[in-house]
>>> print(open('data-v7.pdb').read())   # PDB, C-alpha atoms and all ligand atoms
ATOM      1  CA  MET A   1      26.036  -7.812   7.958
ATOM      2  CA  SER A   2      23.684  -5.005   8.909
ATOM      3  CA  LEU A   3      23.806  -1.418   7.606
ATOM      4  CA  HIS A   4      25.209  -0.429  11.018
ATOM      5  CA  ASP A   5      28.053  -2.947  10.618
ATOM      6  CA  PHE A   6      28.919  -1.390   7.250
ATOM      7  CA  LEU A   7      29.053   2.074   8.825
ATOM      8  CA  LYS A   8      30.655   1.407  12.185
ATOM      9  CA  ASP A   9      34.210   2.327  11.090
ATOM     10  CA  LYS A  10      32.990   5.342   9.112
ATOM     11  CA  LEU A  11      30.753   7.196  11.558
ATOM     12  CA  PRO A  12      31.267   8.196  15.206
ATOM     13  CA  GLU A  13      29.141   6.372  17.800
ATOM     14  CA  GLU A  14      26.738   9.290  18.344
ATOM     15  CA  LYS A  15      25.941   9.488  14.609
ATOM     16  CA  LEU A  16      25.766   5.729  14.185
ATOM     17  CA  ALA A  17      23.046   5.676  16.834
ATOM     18  CA  LEU A  18      20.918   7.933  14.569
ATOM     19  CA  VAL A  19      21.177   5.734  11.459
ATOM     20  CA  PRO A  20      17.811   4.036  10.942
ATOM     21  CA  LYS A  21      17.830   0.281  11.545
ATOM     22  CA  GLY A  22      15.147  -0.331   8.932
ATOM     23  CA  PHE A  23      14.507   0.690   5.346
ATOM     24  CA  GLU A  24      11.939  -0.317   2.767
ATOM     25  CA  VAL A  25      12.840  -2.175  -0.411
ATOM     26  CA  ILE A  26      10.618  -1.961  -3.510
ATOM     27  CA  GLY A  27      12.126  -3.893  -6.416
ATOM     28  CA  ASP A  28      15.744  -2.698  -6.632
ATOM     29  CA  ILE A  29      15.012   0.598  -4.824
ATOM     30  CA  ALA A  30      15.739   1.154  -1.116
ATOM     31  CA  ILE A  31      13.881   3.932   0.678
ATOM     32  CA  ILE A  32      15.411   5.213   3.900
ATOM     33  CA  ASN A  33      14.447   7.928   6.347
ATOM     34  CA  ILE A  34      17.699   9.776   7.159
ATOM     35  CA  PRO A  35      17.285  12.354   9.975
ATOM     36  CA  PRO A  36      18.491  15.970   9.388
ATOM     37  CA  ALA A  37      21.350  15.457  11.888
ATOM     38  CA  LEU A  38      22.912  13.080   9.344
ATOM     39  CA  ASP A  39      22.578  15.463   6.356
ATOM     40  CA  GLU A  40      26.314  15.611   5.664
ATOM     41  CA  ASP A  41      26.587  11.812   5.845
ATOM     42  CA  LYS A  42      23.659  11.002   3.544
ATOM     43  CA  TYR A  43      25.782   9.848   0.560
ATOM     44  CA  LEU A  44      28.006   7.757   2.808
ATOM     45  CA  ILE A  45      24.910   6.044   4.212
ATOM     46  CA  ALA A  46      23.437   5.508   0.725
ATOM     47  CA  ASP A  47      26.699   3.993  -0.562
ATOM     48  CA  ALA A  48      26.845   1.698   2.471
ATOM     49  CA  LEU A  49      23.247   0.626   1.840
ATOM     50  CA  ALA A  50      24.010  -0.114  -1.826
ATOM     51  CA  SER A  51      27.062  -2.214  -0.872
ATOM     52  CA  HIS A  52      25.055  -3.941   1.859
ATOM     53  CA  SER A  53      22.684  -5.328  -0.768
ATOM     54  CA  LYS A  54      24.143  -5.810  -4.245
ATOM     55  CA  ASN A  55      20.677  -6.012  -5.847
ATOM     56  CA  LEU A  56      19.922  -2.365  -5.033
ATOM     57  CA  LYS A  57      20.284   0.072  -7.927
ATOM     58  CA  THR A  58      18.761   3.173  -6.300
ATOM     59  CA  VAL A  59      18.709   4.603  -2.787
ATOM     60  CA  LEU A  60      16.076   7.238  -2.020
ATOM     61  CA  ARG A  61      15.800   9.393   1.042
ATOM     62  CA  LYS A  62      12.235   9.995   2.155
ATOM     63  CA  LEU A  63      11.960  13.778   2.506
ATOM     64  CA  HIS A  64       8.536  14.197   4.067
ATOM     65  CA  LYS A  65       5.844  12.047   5.470
ATOM     66  CA  ILE A  66       3.652  10.685   2.701
ATOM     67  CA  ASN A  67       0.851  13.198   2.244
ATOM     68  CA  GLY A  68      -1.795  14.337  -0.218
ATOM     69  CA  ALA A  69      -4.565  12.230  -1.711
ATOM     70  CA  ALA A  70      -2.237  10.259  -3.997
ATOM     71  CA  ARG A  71      -0.215   9.112  -0.939
ATOM     72  CA  VAL A  72       3.017   9.653  -2.860
ATOM     73  CA  GLY A  73       6.202  10.430  -0.944
ATOM     74  CA  GLU A  74       8.795  13.036  -1.852
ATOM     75  CA  PHE A  75      12.274  11.655  -2.282
ATOM     76  CA  GLU A  76      15.869  12.734  -2.790
ATOM     77  CA  ILE A  77      17.901  10.392  -4.997
ATOM     78  CA  LEU A  78      21.141   9.573  -3.134
ATOM     79  CA  TYR A  79      22.356   6.674  -5.241
ATOM     80  CA  GLY A  80      21.400   5.639  -8.788
ATOM     81  CA  ASN A  81      19.249   7.700 -11.099
ATOM     82  CA  ARG A  82      15.672   6.466 -11.324
ATOM     83  CA  THR A  83      12.505   6.051  -9.287
ATOM     84  CA  THR A  84      10.936   3.312 -11.445
ATOM     85  CA  THR A  85      11.400  -0.353 -10.709
ATOM     86  CA  LEU A  86       9.973  -3.852 -11.114
ATOM     87  CA  HIS A  87       8.800  -5.326  -7.810
ATOM     88  CA  ARG A  88       8.039  -9.056  -7.474
ATOM     89  CA  GLU A  89       5.892 -10.665  -4.773
ATOM     90  CA  ASN A  90       3.431 -13.583  -4.466
ATOM     91  CA  ASN A  91       4.125 -14.690  -8.037
ATOM     92  CA  CYS A  92       3.133 -11.246  -9.393
ATOM     93  CA  VAL A  93       5.246  -8.478 -10.884
ATOM     94  CA  TYR A  94       4.622  -4.730 -10.546
ATOM     95  CA  HIS A  95       6.072  -1.887 -12.570
ATOM     96  CA  VAL A  96       5.966   1.180 -10.317
ATOM     97  CA  ASP A  97       7.325   4.681 -10.087
ATOM     98  CA  VAL A  98       7.548   5.350  -6.364
ATOM     99  CA  ALA A  99       7.619   9.104  -7.033
ATOM    100  CA  LYS A 100       4.302   8.989  -8.925
ATOM    101  CA  THR A 101       2.200   6.342  -7.241
ATOM    102  CA  TYR A 102       1.905   4.897  -3.753
ATOM    103  CA  PHE A 103       3.357   1.422  -3.331
ATOM    104  CA  SER A 104       4.448  -0.499  -0.256
ATOM    105  CA  GLY A 105       6.350  -3.754  -0.274
ATOM    106  CA  LYS A 106       5.356  -4.364   3.360
ATOM    107  CA  MET A 107       1.858  -5.641   2.557
ATOM    108  CA  ALA A 108       2.760  -8.800   0.600
ATOM    109  CA  HIS A 109       1.464 -11.154   3.303
ATOM    110  CA  GLU A 110      -1.779  -9.218   3.636
ATOM    111  CA  ARG A 111      -2.412  -9.183  -0.121
ATOM    112  CA  ASN A 112      -1.897 -12.928  -0.248
ATOM    113  CA  ARG A 113      -4.246 -13.400   2.737
ATOM    114  CA  ILE A 114      -7.020 -11.516   0.947
ATOM    115  CA  ALA A 115      -6.418 -13.373  -2.340
ATOM    116  CA  GLN A 116      -6.871 -16.682  -0.461
ATOM    117  CA  LYS A 117     -10.189 -15.530   1.070
ATOM    118  CA  VAL A 118     -11.788 -14.672  -2.278
ATOM    119  CA  ASN A 119     -13.983 -17.332  -3.912
ATOM    120  CA  ASP A 120     -13.988 -18.154  -7.624
ATOM    121  CA  GLY A 121     -16.864 -16.476  -9.458
ATOM    122  CA  GLU A 122     -17.097 -13.402  -7.200
ATOM    123  CA  ASP A 123     -17.543  -9.849  -8.445
ATOM    124  CA  VAL A 124     -14.738  -7.925  -6.720
ATOM    125  CA  LEU A 125     -14.047  -4.202  -6.535
ATOM    126  CA  VAL A 126     -10.749  -2.715  -5.360
ATOM    127  CA  LEU A 127     -11.244   0.932  -4.456
ATOM    128  CA  PHE A 128      -7.989   2.940  -4.083
ATOM    129  CA  ALA A 129      -6.322   0.315  -6.279
ATOM    130  CA  GLY A 130      -3.024   2.166  -6.858
ATOM    131  CA  ALA A 131      -0.666   0.301  -9.211
ATOM    132  CA  GLY A 132      -2.647  -2.881  -8.534
ATOM    133  CA  PRO A 133      -1.074  -5.001  -5.784
ATOM    134  CA  PHE A 134      -4.409  -6.175  -4.271
ATOM    135  CA  LEU A 135      -6.199  -6.484  -7.619
ATOM    136  CA  ILE A 136      -3.423  -8.447  -9.309
ATOM    137  CA  SER A 137      -2.778 -10.776  -6.318
ATOM    138  CA  ILE A 138      -6.496 -11.637  -6.276
ATOM    139  CA  LYS A 139      -6.942 -12.106 -10.016
ATOM    140  CA  LYS A 140      -3.743 -14.191 -10.335
ATOM    141  CA  THR A 141      -5.085 -16.515  -7.620
ATOM    142  CA  LYS A 142      -8.845 -16.691  -8.237
ATOM    143  CA  ASN A 143     -11.177 -16.732 -11.212
ATOM    144  CA  VAL A 144     -13.152 -13.564 -10.503
ATOM    145  CA  ASN A 145     -14.554 -10.505 -12.273
ATOM    146  CA  ILE A 146     -12.488  -7.687 -10.841
ATOM    147  CA  THR A 147     -12.335  -3.915 -11.243
ATOM    148  CA  GLY A 148      -9.907  -1.390  -9.752
ATOM    149  CA  LEU A 149     -10.537   2.319  -9.223
ATOM    150  CA  ASP A 150      -8.093   5.105  -8.388
ATOM    151  CA  ASN A 151      -8.153   8.872  -8.892
ATOM    152  CA  ASN A 152      -4.432   9.172  -9.651
ATOM    153  CA  PRO A 153      -3.899   9.013 -13.460
ATOM    154  CA  ALA A 154      -0.329   7.738 -12.969
ATOM    155  CA  ALA A 155      -1.571   4.933 -10.682
ATOM    156  CA  CYS A 156      -4.196   3.918 -13.280
ATOM    157  CA  SER A 157      -1.650   3.909 -16.056
ATOM    158  CA  PHE A 158       0.686   1.638 -14.004
ATOM    159  CA  LEU A 159      -2.317  -0.501 -13.078
ATOM    160  CA  LYS A 160      -3.106  -1.032 -16.782
ATOM    161  CA  LYS A 161       0.545  -1.881 -17.525
ATOM    162  CA  ASN A 162       0.654  -4.306 -14.599
ATOM    163  CA  ILE A 163      -2.542  -6.036 -15.742
ATOM    164  CA  GLU A 164      -0.799  -6.667 -19.083
ATOM    165  CA  LEU A 165       2.499  -7.635 -17.465
ATOM    166  CA  ASN A 166       0.750 -10.254 -15.325
ATOM    167  CA  GLU A 167      -1.362 -11.476 -18.246
ATOM    168  CA  ILE A 168      -4.711 -11.071 -16.531
ATOM    169  CA  GLU A 169      -7.981  -9.327 -17.372
ATOM    170  CA  ALA A 170      -9.483  -6.630 -15.173
ATOM    171  CA  GLY A 171     -11.423  -3.382 -15.402
ATOM    172  CA  VAL A 172      -9.682  -0.087 -14.576
ATOM    173  CA  ILE A 173     -11.539   3.101 -13.719
ATOM    174  CA  LEU A 174      -9.861   6.469 -13.308
ATOM    175  CA  GLY A 175     -12.318   8.126 -10.956
ATOM    176  CA  ASP A 176     -13.150   9.457  -7.523
ATOM    177  CA  ALA A 177     -14.226   6.878  -4.944
ATOM    178  CA  ASN A 178     -16.708   9.468  -3.652
ATOM    179  CA  SER A 179     -18.706   8.834  -6.843
ATOM    180  CA  ALA A 180     -18.689   5.034  -6.470
ATOM    181  CA  GLY A 181     -22.448   4.990  -5.865
ATOM    182  CA  HIS A 182     -23.056   6.613  -9.291
ATOM    183  CA  LEU A 183     -20.234   4.903 -11.174
ATOM    184  CA  PHE A 184     -21.378   1.321 -10.680
ATOM    185  CA  LYS A 185     -24.684  -0.016 -11.917
ATOM    186  CA  LYS A 186     -24.006  -3.446 -10.367
ATOM    187  CA  SER A 187     -23.114  -4.506  -6.847
ATOM    188  CA  PHE A 188     -20.154  -6.556  -5.615
ATOM    189  CA  ASP A 189     -19.573  -9.687  -3.503
ATOM    190  CA  ARG A 190     -16.409  -8.166  -2.078
ATOM    191  CA  ILE A 191     -14.859  -4.708  -1.862
ATOM    192  CA  VAL A 192     -11.229  -4.118  -0.886
ATOM    193  CA  MET A 193     -10.574  -0.649   0.556
ATOM    194  CA  PRO A 194      -6.923   0.268   1.270
ATOM    195  CA  ILE A 195      -8.000   3.817   2.051
ATOM    196  CA  PRO A 196      -5.697   6.810   2.481
ATOM    197  CA  TYR A 197      -4.727   7.893   6.001
ATOM    198  CA  GLY A 198      -7.530   9.361   8.104
ATOM    199  CA  GLN A 199     -10.366   8.903   5.598
ATOM    200  CA  ASP A 200     -12.499   6.284   7.361
ATOM    201  CA  TYR A 201     -15.693   7.930   6.087
ATOM    202  CA  PHE A 202     -15.100   6.134   2.772
ATOM    203  CA  LEU A 203     -16.515   2.985   4.406
ATOM    204  CA  ASN A 204     -19.997   4.514   4.057
ATOM    205  CA  LEU A 205     -19.609   4.276   0.274
ATOM    206  CA  ALA A 206     -19.320   0.497   0.344
ATOM    207  CA  ARG A 207     -22.746  -0.557   1.577
ATOM    208  CA  PRO A 208     -24.862   0.751  -1.361
ATOM    209  CA  ILE A 209     -22.701  -1.181  -3.855
ATOM    210  CA  LEU A 210     -22.284  -4.362  -1.791
ATOM    211  CA  LYS A 211     -24.451  -7.447  -2.350
ATOM    212  CA  PRO A 212     -26.408  -8.645   0.714
ATOM    213  CA  GLY A 213     -24.007 -10.652   2.909
ATOM    214  CA  GLY A 214     -21.012  -9.283   0.962
ATOM    215  CA  PHE A 215     -17.531  -8.680   2.398
ATOM    216  CA  VAL A 216     -15.419  -5.564   2.839
ATOM    217  CA  HIS A 217     -11.700  -5.592   3.647
ATOM    218  CA  PHE A 218     -11.228  -2.202   5.230
ATOM    219  CA  TYR A 219      -7.768  -0.751   5.976
ATOM    220  CA  THR A 220      -7.408   2.035   8.500
ATOM    221  CA  PHE A 221      -4.694   3.700  10.568
ATOM    222  CA  LYS A 222      -5.186   3.697  14.332
ATOM    223  CA  LYS A 223      -3.474   3.854  17.697
ATOM    224  CA  ASP A 224      -4.017   0.685  19.748
ATOM    225  CA  PHE A 225      -6.239   2.409  22.289
ATOM    226  CA  GLU A 226      -8.614   3.606  19.539
ATOM    227  CA  ILE A 227      -9.514   0.057  18.453
ATOM    228  CA  PRO A 228     -12.238  -0.838  21.007
ATOM    229  CA  HIS A 229     -14.132   2.379  20.202
ATOM    230  CA  PHE A 230     -13.729   1.831  16.448
ATOM    231  CA  LYS A 231     -15.024  -1.759  16.757
ATOM    232  CA  ARG A 232     -18.114  -0.532  18.610
ATOM    233  CA  LEU A 233     -18.708   2.067  15.901
ATOM    234  CA  LEU A 234     -18.534  -0.562  13.147
ATOM    235  CA  GLU A 235     -20.949  -2.821  15.007
ATOM    236  CA  GLU A 236     -23.359   0.065  15.611
ATOM    237  CA  LYS A 237     -23.318   0.681  11.854
ATOM    238  CA  GLY A 238     -24.390  -2.935  11.307
ATOM    239  CA  TRP A 239     -21.089  -4.497  10.267
ATOM    240  CA  HIS A 240     -20.155  -7.949  11.505
ATOM    241  CA  ILE A 241     -16.403  -8.017  12.237
ATOM    242  CA  GLU A 242     -15.089 -11.402  11.082
ATOM    243  CA  LEU A 243     -11.473 -10.560  11.888
ATOM    244  CA  TYR A 244      -9.269  -7.593  12.557
ATOM    245  CA  ARG A 245      -5.517  -7.470  12.829
ATOM    246  CA  ASN A 246      -2.550  -5.161  13.053
ATOM    247  CA  CYS A 247      -0.688  -5.091   9.710
ATOM    248  CA  GLY A 248       2.344  -3.162  10.989
ATOM    249  CA  ASP A 249       3.462   0.219  12.274
ATOM    250  CA  VAL A 250       3.357   3.301  10.061
ATOM    251  CA  ALA A 251       4.427   5.947  12.610
ATOM    252  CA  PRO A 252       5.278   5.994  16.313
ATOM    253  CA  ARG A 253       2.329   4.232  18.060
ATOM    254  CA  VAL A 254       0.202   4.286  14.853
ATOM    255  CA  SER A 255      -0.467   1.018  13.008
ATOM    256  CA  ARG A 256      -2.279  -0.006   9.868
ATOM    257  CA  TYR A 257      -5.201  -2.283  10.787
ATOM    258  CA  VAL A 258      -7.361  -4.409   8.537
ATOM    259  CA  PHE A 259     -10.996  -5.191   9.388
ATOM    260  CA  ASP A 260     -12.664  -8.033   7.488
ATOM    261  CA  LEU A 261     -16.323  -6.980   7.582
ATOM    262  CA  ARG A 262     -19.497  -8.738   6.542
ATOM    263  CA  GLU A 263     -22.706  -6.925   5.713
ATOM    264  CA  CYS A 264     -25.456  -8.113   8.064
TER     265      CYS A 264
HETATM  266  C1  LIG A 301      -2.852   3.960   0.526
HETATM  267  S1  LIG A 301      -2.820   4.049  -1.263
HETATM  268  C2  LIG A 301      -3.170   2.356  -1.654
HETATM  269  C3  LIG A 301      -2.708   1.995  -3.025
HETATM  270  C4  LIG A 301      -2.709   0.486  -3.336
HETATM  271  N1  LIG A 301      -3.974  -0.131  -3.080
HETATM  272  C5  LIG A 301      -1.605  -0.232  -2.594
HETATM  273  O1  LIG A 301      -1.897  -0.969  -1.656
HETATM  274  O2  LIG A 301      -0.434  -0.053  -2.979
HETATM  275  C6  LIG A 301      -4.307   4.923  -1.554
HETATM  276  C7  LIG A 301      -4.649   5.115  -3.028
HETATM  277  O3  LIG A 301      -5.916   5.782  -3.061
HETATM  278  C8  LIG A 301      -5.927   6.711  -4.128
HETATM  279  N2  LIG A 301      -6.968   7.718  -3.774
HETATM  280  C9  LIG A 301      -6.926   8.683  -2.822
HETATM  281  N3  LIG A 301      -8.101   9.363  -2.763
HETATM  282  C10 LIG A 301      -8.910   8.796  -3.698
HETATM  283  C11 LIG A 301     -10.249   9.039  -4.127
HETATM  284  N4  LIG A 301     -10.985  10.035  -3.582
HETATM  285  N5  LIG A 301     -10.764   8.279  -5.105
HETATM  286  C12 LIG A 301     -10.039   7.275  -5.677
HETATM  287  N6  LIG A 301      -8.753   7.003  -5.316
HETATM  288  C13 LIG A 301      -8.196   7.739  -4.343
HETATM  289  C14 LIG A 301      -4.513   7.239  -4.225
HETATM  290  O4  LIG A 301      -4.234   7.726  -5.518
HETATM  291  C15 LIG A 301      -3.709   5.967  -3.857
HETATM  292  O5  LIG A 301      -3.336   5.252  -5.009
END
>>> encode(input="data-v7.pdb", output="structure tokens")
Amino acid sequence: MSLHDFLKDKLPEEKLALVPKGFEVIGDIAIINIPPALDEDKYLIADALASHSKNLKTVLRKLHKINGAARVGEFEILYGNRTTTLHRENNCVYHVDVAKTYFSGKMAHERNRIAQKVNDGEDVLVLFAGAGPFLISIKKTKNVNITGLDNNPAACSFLKKNIELNEIEAGVILGDANSAGHLFKKSFDRIVMPIPYGQDYFLNLARPILKPGGFVHFYTFKKDFEIPHFKRLLEEKGWHIELYRNCGDVAPRVSRYVFDLREC
């Protein structure tokens, strides 16, 4: 049964039409975007969501678009009493606090795709590592030297916990990606860059710390029509585009894209 089925006897048609069809699940937390027109029905909707899936212990309402450098959303707790959870995917487990560090459960396929591309023995850097979903997926799958960097102290502290939880070894740096050129004395075979919204300029930081012929997995947010221009720009800057693909919508007509780039 869908959330709408649970609510159809409890809300009039015109309100039911406004109930979002989708919601995000991270561990046992559901995050839903309830529009202001449904303010007085928010607890009813949260209760319906919790009954719809018995594994859910918390329902959060997303209050604003994710903003700020840490990419952390603001939430109202509608059901349950915590924002921390354990999220499992691709044989890895993540302890996260969705109110303190960015995390999305929608990228599991993509993280596994990257982990499969990495070769044993590589030196890998994950910039904007957050609580560690790319870093841990890679290190659990391949025998690499890997380091993660993030400028959010809470993200780094969850990253360290998650490294322990998954029984792997990895470096963690609390620092600003803008200083990457000074922070690292060595260069990397591969750099993963799940950059924050609208900050494409970070790609320029990769080349000085990338080995010749190295790879970058670059995440960016674009409207479909912007892609041909962006591809040309990358090629003009000397990147070879091995693959690019749409990883899902983040806002009306805006999608997250990944570009697998090779230094040439
Ligand atoms: C879109 S999130 C990605 C997090 C994680 N890789 C994931 O997929 O869940 C972007 C991350 O970049 C971090 N960040 C933003 N600006 C940064 C900067 N200048 N230097 C280092 N980290 C930064 C944020 O704290 C956040 O954890």
>>> closest_atom_pairs(input="data-v7.pdb", of="chain A", to="ligand LIG 301 (chain A)", cutoff="10 Å", atoms="all atoms listed in the file", output="CSV")
residue,atom,partner,partner_atom,distance
A:Ile66,CA,A:LIG301,C1,9.6
A:Gly68,CA,A:LIG301,C9,8.1
A:Ala69,CA,A:LIG301,C9,4.4
A:Ala70,CA,A:LIG301,O4,3.6
A:Arg71,CA,A:LIG301,C15,5.5
A:Val72,CA,A:LIG301,C15,7.7
A:Val96,CA,A:LIG301,O2,9.8
A:Lys100,CA,A:LIG301,O4,9.3
A:Thr101,CA,A:LIG301,O5,6.1
A:Tyr102,CA,A:LIG301,O5,5.4
A:Phe103,CA,A:LIG301,O2,4.1
A:Ser104,CA,A:LIG301,O2,5.6
A:Gly105,CA,A:LIG301,O2,8.2
A:Lys106,CA,A:LIG301,O1,9.4
A:Met107,CA,A:LIG301,O1,7.3
A:Ala108,CA,A:LIG301,O1,9.4
A:Glu110,CA,A:LIG301,O1,9.8
A:Arg111,CA,A:LIG301,O1,8.4
A:Val126,CA,A:LIG301,N1,7.6
A:Leu127,CA,A:LIG301,C12,6.6
A:Phe128,CA,A:LIG301,O3,3.7
A:Ala129,CA,A:LIG301,N1,4.0
A:Gly130,CA,A:LIG301,O5,3.6
A:Ala131,CA,A:LIG301,C4,6.2
A:Gly132,CA,A:LIG301,C4,6.2
A:Pro133,CA,A:LIG301,O2,5.7
A:Phe134,CA,A:LIG301,N1,6.2
A:Leu135,CA,A:LIG301,N1,8.1
A:Gly148,CA,A:LIG301,N1,9.0
A:Leu149,CA,A:LIG301,C12,6.1
A:Asp150,CA,A:LIG301,N6,3.7
A:Asn151,CA,A:LIG301,C12,4.1
A:Asn152,CA,A:LIG301,O4,4.4
A:Pro153,CA,A:LIG301,O4,8.1
A:Ala154,CA,A:LIG301,O4,8.4
A:Ala155,CA,A:LIG301,O5,5.9
A:Cys156,CA,A:LIG301,O5,8.4
A:Leu159,CA,A:LIG301,C4,9.8
A:Ile173,CA,A:LIG301,C12,9.2
A:Leu174,CA,A:LIG301,C12,7.7
A:Gly175,CA,A:LIG301,C12,5.8
A:Asp176,CA,A:LIG301,N5,3.6
A:Ala177,CA,A:LIG301,N5,3.7
A:Asn178,CA,A:LIG301,N4,5.8
A:Ser179,CA,A:LIG301,N5,8.1
A:Ala180,CA,A:LIG301,N5,8.7
A:Val192,CA,A:LIG301,N1,8.6
A:Met193,CA,A:LIG301,N1,7.6
A:Pro194,CA,A:LIG301,C2,5.2
A:Ile195,CA,A:LIG301,C6,5.3
A:Pro196,CA,A:LIG301,C1,4.5
A:Tyr197,CA,A:LIG301,C1,7.0
A:Gln199,CA,A:LIG301,N3,8.7
A:Phe202,CA,A:LIG301,N4,8.5
A:Tyr219,CA,A:LIG301,C1,8.7
A:Thr220,CA,A:LIG301,C1,9.4
>>> atom_distance(input="data-v7.pdb", atom1="atom CA of A:Asn90", atom2="atom CA of A:Leu125")
19.9 Å
>>> resolve_selection(input="data-v7.pdb", expression="the PyMOL selection byres (((chain A and resi 138) around 9) and not hetatm)", output="ChimeraX atom specification")
/A:111-112,114-116,118,133-137,139-144,146
>>> closest_residue(input="data-v7.pdb", among="A:Gly198, A:Lys10, A:Ile241, A:Ala206", to="A:Ser255", atoms="all atoms listed in the file")
A:Gly198
>>> atom_distance(input="data-v7.pdb", atom1="atom CA of A:Lys57", atom2="atom CA of A:Leu11")
23.2 Å
>>> closest_residue(input="data-v7.pdb", among="A:Leu3, A:Ile209, A:Val172, A:Ile163", to="A:Phe184", atoms="only C-alpha atoms")
A:Ile209
>>> atom_distance(input="data-v7.pdb", atom1="atom CA of A:Thr58", atom2="atom CA of A:Asn33")
14.2 Å
>>> resolve_selection(input="data-v7.pdb", expression="the PyMOL selection byres (((chain A and resi 63) around 12) and not hetatm)", output="list in words")
Ile31, Ile32, Asn33, Ile34, Pro35, Pro36, Asp39, Leu60, Arg61, Lys62, His64, Lys65, Ile66, Asn67, Val72, Gly73, Glu74, Phe75, Glu76, Ile77, Leu78 and Ala99 of chain A
>>> closest_residue(input="data-v7.pdb", among="A:Val98, A:Leu233, A:Val19, A:Leu261", to="A:Arg190", atoms="all atoms listed in the file")
A:Leu261
>>> closest_residue(input="data-v7.pdb", among="A:Ser187, A:Ser157, A:Asn91, A:Thr84", to="A:Leu210", atoms="all atoms listed in the file")
A:Ser187
>>> closest_residue(input="data-v7.pdb", among="A:Asp120, A:Val254, A:Ser53, A:Val93", to="A:Phe225", atoms="only C-alpha atoms")
A:Val254
